[in-house]
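Asker: Mind looking over this structure? Questions follow.
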Amino acid sequence: MNNTSREFSYVEERFADIQLLRYRLDGFEQLSLEQKTYIYYLAEATLCGRDITFDQFGKYNILIRRVLETIITAPHVCHDTPDFKALEVYLKRVWFSNGIHHHYGQEKFVPDFSKDYFTKTATDCCINNGTFGDDDEVKRLVACLADVIFNPDILPKRVNKADGSDLVKTSACNYYEGVSQQEVENFYDTMKKKHGDNSPSFGLNSKLIKRDGALYEDKWKIGGMYGEKIEKIVYWLEKAREVAENDRQKKVISLLVEYYRTGNLDIFDQYSIEWIKETEGSVDFINGFIEVYGDPMGIKGSWEGLVEYTDIEATERTMKISDNAQWFEDHSPVNPIFRKKTVKGVTAKAICAAMLGGDEYPSTAIGINLPNADWIRSQYGSKSITISNITDAYNKAAKGNGMLQEYVVDDDTIEMINKYGDTCDSLHTDLHECLGHGSGQILEGVSPDALKAYGSTIEEARADLFGLYYMADAKMVELGLLDNLEAYKANYYTYMMNGLLTQLVRIEPGNDIEEAHMRNRAMIARWCLEKGGALRMEKRNGKTYVVIDNYPLLRSHIAELLAEVQRIKSEGDFEAAKNLVENYAVKINPELHNEILERYRKLGIAPYKGFINPVLKPMKDSKGRIVDIVVDYTESYTQQMLRYGRDY
């Protein structure tokens with residue numbers, strides 16, 4: 001692959017609490033020209049939605065980004081001052097998080113440059129730039145943005161999940177305007193009651209607004225909100241349809257285009273069903289308003305994009321899991337009334353990501369299971385992917401960073417993790433995505449949204465517990481997924497260590513745990529710790545460690561919690577969900593937190609990782625026809641972000 005200026009390196013730039021990595025497109029050269037072209041067009045569609053995500057995450061994000069980019073590219077601005085260097089880091093954080101709030105912790109960034117510097121420099125640069133209006137308009141704009149950036153009381157958190165707060169009014173995300181949490185709940189509850197079973201995901205693709213006392217939805221579609229951006233996405237999707245691998249892929253794209261044109265969620269459901277059925281092609285993609293983690297109400301979908309192609313070798317592992325989906329469901333430790341009698345349409349692949357976009361960029365998932373609608377999962381199944389080249393990049397970047405030596409209790413456990421850890425982590429991701437999310441069933445008459453703000457945490461815990469339970473099953477060895485039944489212990493140890501200790505390095509002192517995946521891991525680990533007998537925390541030489549005394553007993557605790565979490569999901573038991581999350585997943589012991597942070601600081605590791613996309617370059621002949629797509633890894637983070645700002 002083309003990487004002409006230097007050798008390929010997974011590890012790239014470091015700033016603030018972030019390290020940037022690269023991911024390789026292994027096997028891309030072996031794809032056909034049509035497949036490469038298909039990927040290229042889908043990649044363009046993925047990049048065209050970037051500004052949608054920025055705007056969803058906060059209504060001032062795009063303006064702040066544009067002003068900061070104007071400053072750092074202005075030829076007359078001095079780059080050698082502490083204020084400029086601090087502003088440059090701030091902009092890099094804004095790029096990374098698609099806005100002014102931390103992508104994981106949700107709190108607003110605190111700038112290390114002065115308000116006076118920003119106001120003076122931004123005013124000067126924006127007036128010289130000439131695209132922000134006349135002088136008075138620029139001054140008003142800069143004054144407004146300065147307040148947003150520097151006033152800690154303005155939009156302090158992107159997603160607030162604090163119990164007792166109005167989650168809508170206290171969250172900075174741009175999904176609602178002028179409405180309260182109660183109004184949001186009433187508005188969508190009324191819709192669901194009118195529709196009944198198999199209802200679409202009401203509210204997924206719209207902003208809910210209250211004006212003159214009336215509530216209405218501004219749909220995200222062509223002719224509606226984000227219409228110009230969606231038109232560009234559709235342009236590239238239609239070009240991709242011309243070179244798709246098969247007729248079902250063409251049908252999938254046609255339905256997605258129709259959905260983007262109409263905003264009709266029934267068409268989105270049709271698209272989702274056809275997308276599940278398309279399993280023959282090597283190339284696949286995600287493009288749309290999908291995950292609801294960025295909405296405190298768990299209703300609105302953030303825009304995301306991902307283009308992928310099959311990793312054939314790694315897919316053999318995921319197929320063994322999905323081919324035995326019914327066995328796993330039948331042997332789950334949950335109450336039989338909550339199990340699916342017939343598991344339908346579980347398909348799983350390991351894939352190589354070819355382009356990341358929107359809420360999947362620069363920080364991305366390592367596994368995905370879609371669609372999210374429970375009734376579609378129940379009747380048609382789901383499609384799961386684990387992203388092998390992203391996982392590979394994470395693993396290579398983590399080698400020798402000192403984390404295991406600092407936080408693992410003894411050398412024998414470190415040796416066990418070094419031997420089995422990567423394999424077990426990948427397998428747990430497969431079980432989580434391929435089976436965990438698709439397992440179990442909601443009882444008739446129970447709303448999929450009954451758990452409200454706690455739904456995302458409970459769902460992630462359900463999938464994690466499913467994976468943890470089966471990691472220790474003899475079926476793993478029988479299927480050839482593990483070569484030693486004792487290997488699961490590596491996964492159990494690192495999971496409990498993460499939930500109890502090491503994930504705390506991602507949280508600022510004094511803050512609660514907010515993010516759904518982090519809450520899920522804390523909830524599981526702390527609940528198992530409280531059960532007693534299986535694991536404990538012990539201090540040695542002033543340092544806290546996790547000690548697991550009885551791995552089989554720990555598995556029985558996991559089975560018990562899985563049964564309870566599935567019951568909560570199946571019955572829609574809001575109070576039980578609230579009690580689990582609030583009691584085990586939110587608060588942090590400040591003394592322990594400070595200890596973990598201090599130990600981590602000495603390692604000099606960035607707690608968050610993200611990725612620079614490769615550049616896909618079409619090579620054309622004299623008649624303008626594409627004859628090849630070349631992969632280039634030489635673009636820097638700043639170059640990429642400025643280019644995306646110009647071109648997309």
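Each chain in the structure tokens gets a letter, A, B and so on, in the order shown; residues start at 1 in every chain, and ligands are counted from 1 in the order they appear.
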Which stretch 290-358 of chain A residues have any atom within 8 Å of an atom of stretch 564-586 of chain A, and for each, what is the nearest pair of atoms with distance in Å to one decimal, counting only C-alpha atoms, rows sorted by chain and number, as a tab-separated table?
Answerer:
residue	atom	partner	partner_atom	distance
A:Val334	CA	A:Gln566	CA	6.8
A:Asn335	CA	A:Arg567	CA	7.7
A:Phe338	CA	A:Ser570	CA	6.4
Asker: I'd like the contact shell of A:His428 - 10 Å cut-off, only C-alpha atoms, skipping same-chain residues fewer than 2 positions apart - returned as number ranges by chain.
Answerer: A: 422-426, 430-434, 436, 463-471, 488, 491
Asker: Restrict the selected residues to N, CA, C and O atoms and save them as a short mmCIF file (atom, residue, chain, number, x, y, z; two decimals), in the first residue's frame.
Answerer:
data_model
loop_
_atom_site.label_atom_id
_atom_site.label_comp_id
_atom_site.auth_asym_id
_atom_site.auth_seq_id
_atom_site.Cartn_x
_atom_site.Cartn_y
_atom_site.Cartn_z
N ASP A 422 -5.24 -11.01 24.68
CA ASP A 422 -5.73 -10.49 23.40
C ASP A 422 -6.77 -11.40 22.79
O ASP A 422 -7.81 -10.95 22.29
N THR A 423 -6.51 -12.71 22.82
CA THR A 423 -7.47 -13.67 22.26
C THR A 423 -8.80 -13.60 23.01
O THR A 423 -9.87 -13.58 22.39
N CYS A 424 -8.72 -13.56 24.34
CA CYS A 424 -9.95 -13.53 25.14
C CYS A 424 -10.71 -12.22 24.96
O CYS A 424 -11.95 -12.22 24.92
N ASP A 425 -9.99 -11.12 24.86
CA ASP A 425 -10.67 -9.84 24.66
C ASP A 425 -11.43 -9.82 23.35
O ASP A 425 -12.57 -9.34 23.28
N SER A 426 -10.81 -10.34 22.29
CA SER A 426 -11.49 -10.40 20.99
C SER A 426 -12.70 -11.32 21.05
O SER A 426 -13.76 -11.01 20.49
N ASP A 430 -16.68 -10.54 20.48
CA ASP A 430 -17.53 -11.32 19.57
C ASP A 430 -18.80 -11.79 20.28
O ASP A 430 -19.91 -11.67 19.73
N LEU A 431 -18.66 -12.33 21.47
CA LEU A 431 -19.83 -12.82 22.21
C LEU A 431 -20.78 -11.67 22.56
O LEU A 431 -22.00 -11.81 22.47
N HIS A 432 -20.21 -10.55 22.97
CA HIS A 432 -21.00 -9.37 23.31
C HIS A 432 -21.82 -8.91 22.11
O HIS A 432 -23.04 -8.71 22.22
N GLU A 433 -21.15 -8.72 20.98
CA GLU A 433 -21.82 -8.17 19.80
C GLU A 433 -22.66 -9.20 19.06
O GLU A 433 -23.80 -8.93 18.68
N CYS A 434 -22.08 -10.39 18.83
CA CYS A 434 -22.75 -11.38 17.99
C CYS A 434 -23.97 -11.99 18.67
O CYS A 434 -24.98 -12.27 18.01
N GLY A 436 -24.75 -11.43 22.60
CA GLY A 436 -25.27 -10.76 23.80
C GLY A 436 -26.39 -9.79 23.50
O GLY A 436 -27.47 -9.85 24.10
N ALA A 463 -25.22 -7.45 27.53
CA ALA A 463 -24.34 -8.03 26.51
C ALA A 463 -22.99 -8.42 27.09
O ALA A 463 -22.43 -9.48 26.75
N ASP A 464 -22.44 -7.58 27.99
CA ASP A 464 -21.16 -7.91 28.62
C ASP A 464 -21.27 -9.16 29.49
O ASP A 464 -20.38 -10.03 29.48
N LEU A 465 -22.33 -9.24 30.27
CA LEU A 465 -22.52 -10.39 31.15
C LEU A 465 -22.69 -11.68 30.35
O LEU A 465 -22.18 -12.74 30.74
N PHE A 466 -23.41 -11.60 29.26
CA PHE A 466 -23.58 -12.76 28.39
C PHE A 466 -22.21 -13.25 27.91
O PHE A 466 -21.90 -14.45 27.97
N GLY A 467 -21.37 -12.31 27.46
CA GLY A 467 -20.04 -12.68 27.01
C GLY A 467 -19.17 -13.24 28.12
O GLY A 467 -18.48 -14.24 27.94
N LEU A 468 -19.22 -12.61 29.29
CA LEU A 468 -18.43 -13.09 30.42
C LEU A 468 -18.84 -14.49 30.85
O LEU A 468 -17.99 -15.35 31.15
N TYR A 469 -20.14 -14.72 30.90
CA TYR A 469 -20.62 -16.03 31.33
C TYR A 469 -20.10 -17.14 30.41
O TYR A 469 -19.59 -18.18 30.87
N TYR A 470 -20.18 -16.91 29.10
CA TYR A 470 -19.80 -17.97 28.17
C TYR A 470 -18.29 -18.05 27.93
O TYR A 470 -17.80 -19.07 27.42
N MET A 471 -17.55 -17.01 28.30
CA MET A 471 -16.09 -17.10 28.19
C MET A 471 -15.56 -18.30 28.96
O MET A 471 -14.56 -18.91 28.56
N TYR A 488 -10.07 -18.27 30.14
CA TYR A 488 -11.07 -17.26 30.48
C TYR A 488 -10.67 -16.42 31.68
O TYR A 488 -11.13 -15.27 31.85
N ASN A 491 -9.48 -12.98 30.93
CA ASN A 491 -10.56 -12.03 30.63
C ASN A 491 -11.27 -11.58 31.89
O ASN A 491 -11.57 -10.39 32.06
#
Asker: Mind checking which residues fall within 7 Å of A:Ile629, counting only C-alpha atoms, ignoring those fewer than 5 positions away in the same chain, and posting them as a list in words?
Answerer: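 Once the adjacent positions are removed, what remains is Lys36, Thr37, Leu616, Lys617, Pro618 and Met619 of chain A.
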Asker: Using only C-alpha atoms, pick whichever of A:Tyr361, A:Tyr420, A:Tyr260, A:Trp327 has the shortest atom-to-atom distance to A:Glu228.
Answerer: A:Tyr260
Asker: With distances taken over only C-alpha atoms, which residue among A:Leu435, A:Val138, A:Ile390, A:Ile558 lies nearest A:Tyr10?
Answerer: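 The shortest atom-to-atom distance to A:Tyr10 comes from A:Ile390.
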Asker: Restricting the calculation to only C-alpha atoms: of A:Glu591, A:Glu278, A:Asp473, A:Asp83, which residue gets closest to A:Thr119?
Answerer: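 Counting only C-alpha atoms, the residue closest to A:Thr119 is A:Asp83.
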Asker: Listing only residues of stretch 119-199 of chain A within 9 Å of stretch 496-520 of chain A, what is the closest atom pair and its distance in Å (to one decimal) for each, using only C-alpha atoms, sorted by chain and residue number ascending, as JSON lines?
Answerer:
{"residue": "A:Val159", "atom": "CA", "partner": "A:Glu514", "partner_atom": "CA", "distance": 8.3}
{"residue": "A:Asn160", "atom": "CA", "partner": "A:Glu514", "partner_atom": "CA", "distance": 7.6}
{"residue": "A:Lys161", "atom": "CA", "partner": "A:Glu514", "partner_atom": "CA", "distance": 6.7}
{"residue": "A:Ala162", "atom": "CA", "partner": "A:Glu514", "partner_atom": "CA", "distance": 8.2}
Asker: Can you work out which one of A:Ser447, A:Asn287, A:Thr315, A:Thr544 has the shortest atom-to-atom distance to A:Cys48, counting only C-alpha atoms?
Answerer: A:Asn287
Asker: If DSSP is run on the backbone, what residues of stretch 449-598 of chain A are strand (DSSP E or B)? A reply as an MDAnalysis selection string would be ideal.
Answerer: chainID A and resid 535:540 543:548
Asker: Which residue, A:Gly542, A:Gly288, A:Pro333, A:Gly402, has the smallest gap to A:Gly49 when you use only C-alpha atoms?
Answerer: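 Comparing A:Gly542, A:Gly288, A:Pro333, A:Gly402 against A:Gly49, the winner is A:Gly288.
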Asker: With distances taken over only C-alpha atoms, which residue among A:Arg93, A:Arg50, A:Arg66, A:Lys192 lies nearest A:Lys108?
Answerer: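 Closest to A:Lys108, using only C-alpha atoms: A:Arg93.
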Asker: Find the residues around A:Met416 up to 9 Å (only C-alpha atoms counted), leave out those fewer than 3 positions away in its own chain, and share them as a list of chain:residue names.
Answerer: A:Asp411, A:Asp412, A:Thr413, A:Lys419, A:Tyr420, A:Gly421, A:Ala487, A:Lys489, A:Ala490
Asker: Could those selected residues go to a file with C-alpha atoms, as a PDB file, in the first residue's frame?
Answerer:
ATOM      1  CA  ASP A 411       3.619 -11.854  37.898  1.00  0.00           C
ATOM      2  CA  ASP A 412       1.678 -15.108  37.415  1.00  0.00           C
ATOM      3  CA  THR A 413      -1.463 -13.170  36.536  1.00  0.00           C
ATOM      4  CA  LYS A 419      -0.639 -15.408  27.025  1.00  0.00           C
ATOM      5  CA  TYR A 420      -4.426 -15.273  26.629  1.00  0.00           C
ATOM      6  CA  GLY A 421      -5.508 -11.646  27.033  1.00  0.00           C
ATOM      7  CA  ALA A 487      -7.842 -18.994  29.453  1.00  0.00           C
ATOM      8  CA  LYS A 489      -9.411 -16.246  33.735  1.00  0.00           C
ATOM      9  CA  ALA A 490      -7.343 -13.659  31.852  1.00  0.00           C
TER      10      ALA A 490
END
Asker: Could you check how far atom CA of A:Arg65 sits from atom CA of A:Val142, in Å to one decimal?
Answerer: 12.2 Å
Asker: Could you list, as a ChimeraX atom specification, every residue within 10 Å of A:Glu313, counting only C-alpha atoms and ignoring same-chain residues fewer than 5 positions away?
Answerer: /A:318,349-351
Asker: Please provide as number ranges by chain all residues within 8 Å of A:Gln19, with the sequence filter that same-chain residues fewer than 3 positions apart are discarded (counting only C-alpha atoms).
Answerer: A: 11-15, 606-610
Asker: Tell me, as a list in words, which residues lie within 8 Å of stretch 126-130 of chain A, counting only C-alpha atoms; anything in the same chain fewer than 4 positions away does not count.
Answerer: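 So, after excluding close chain neighbours, the residues are Val67, Thr70, Ile71, Ala122, Asp134, Asp135 and Val138 of chain A.
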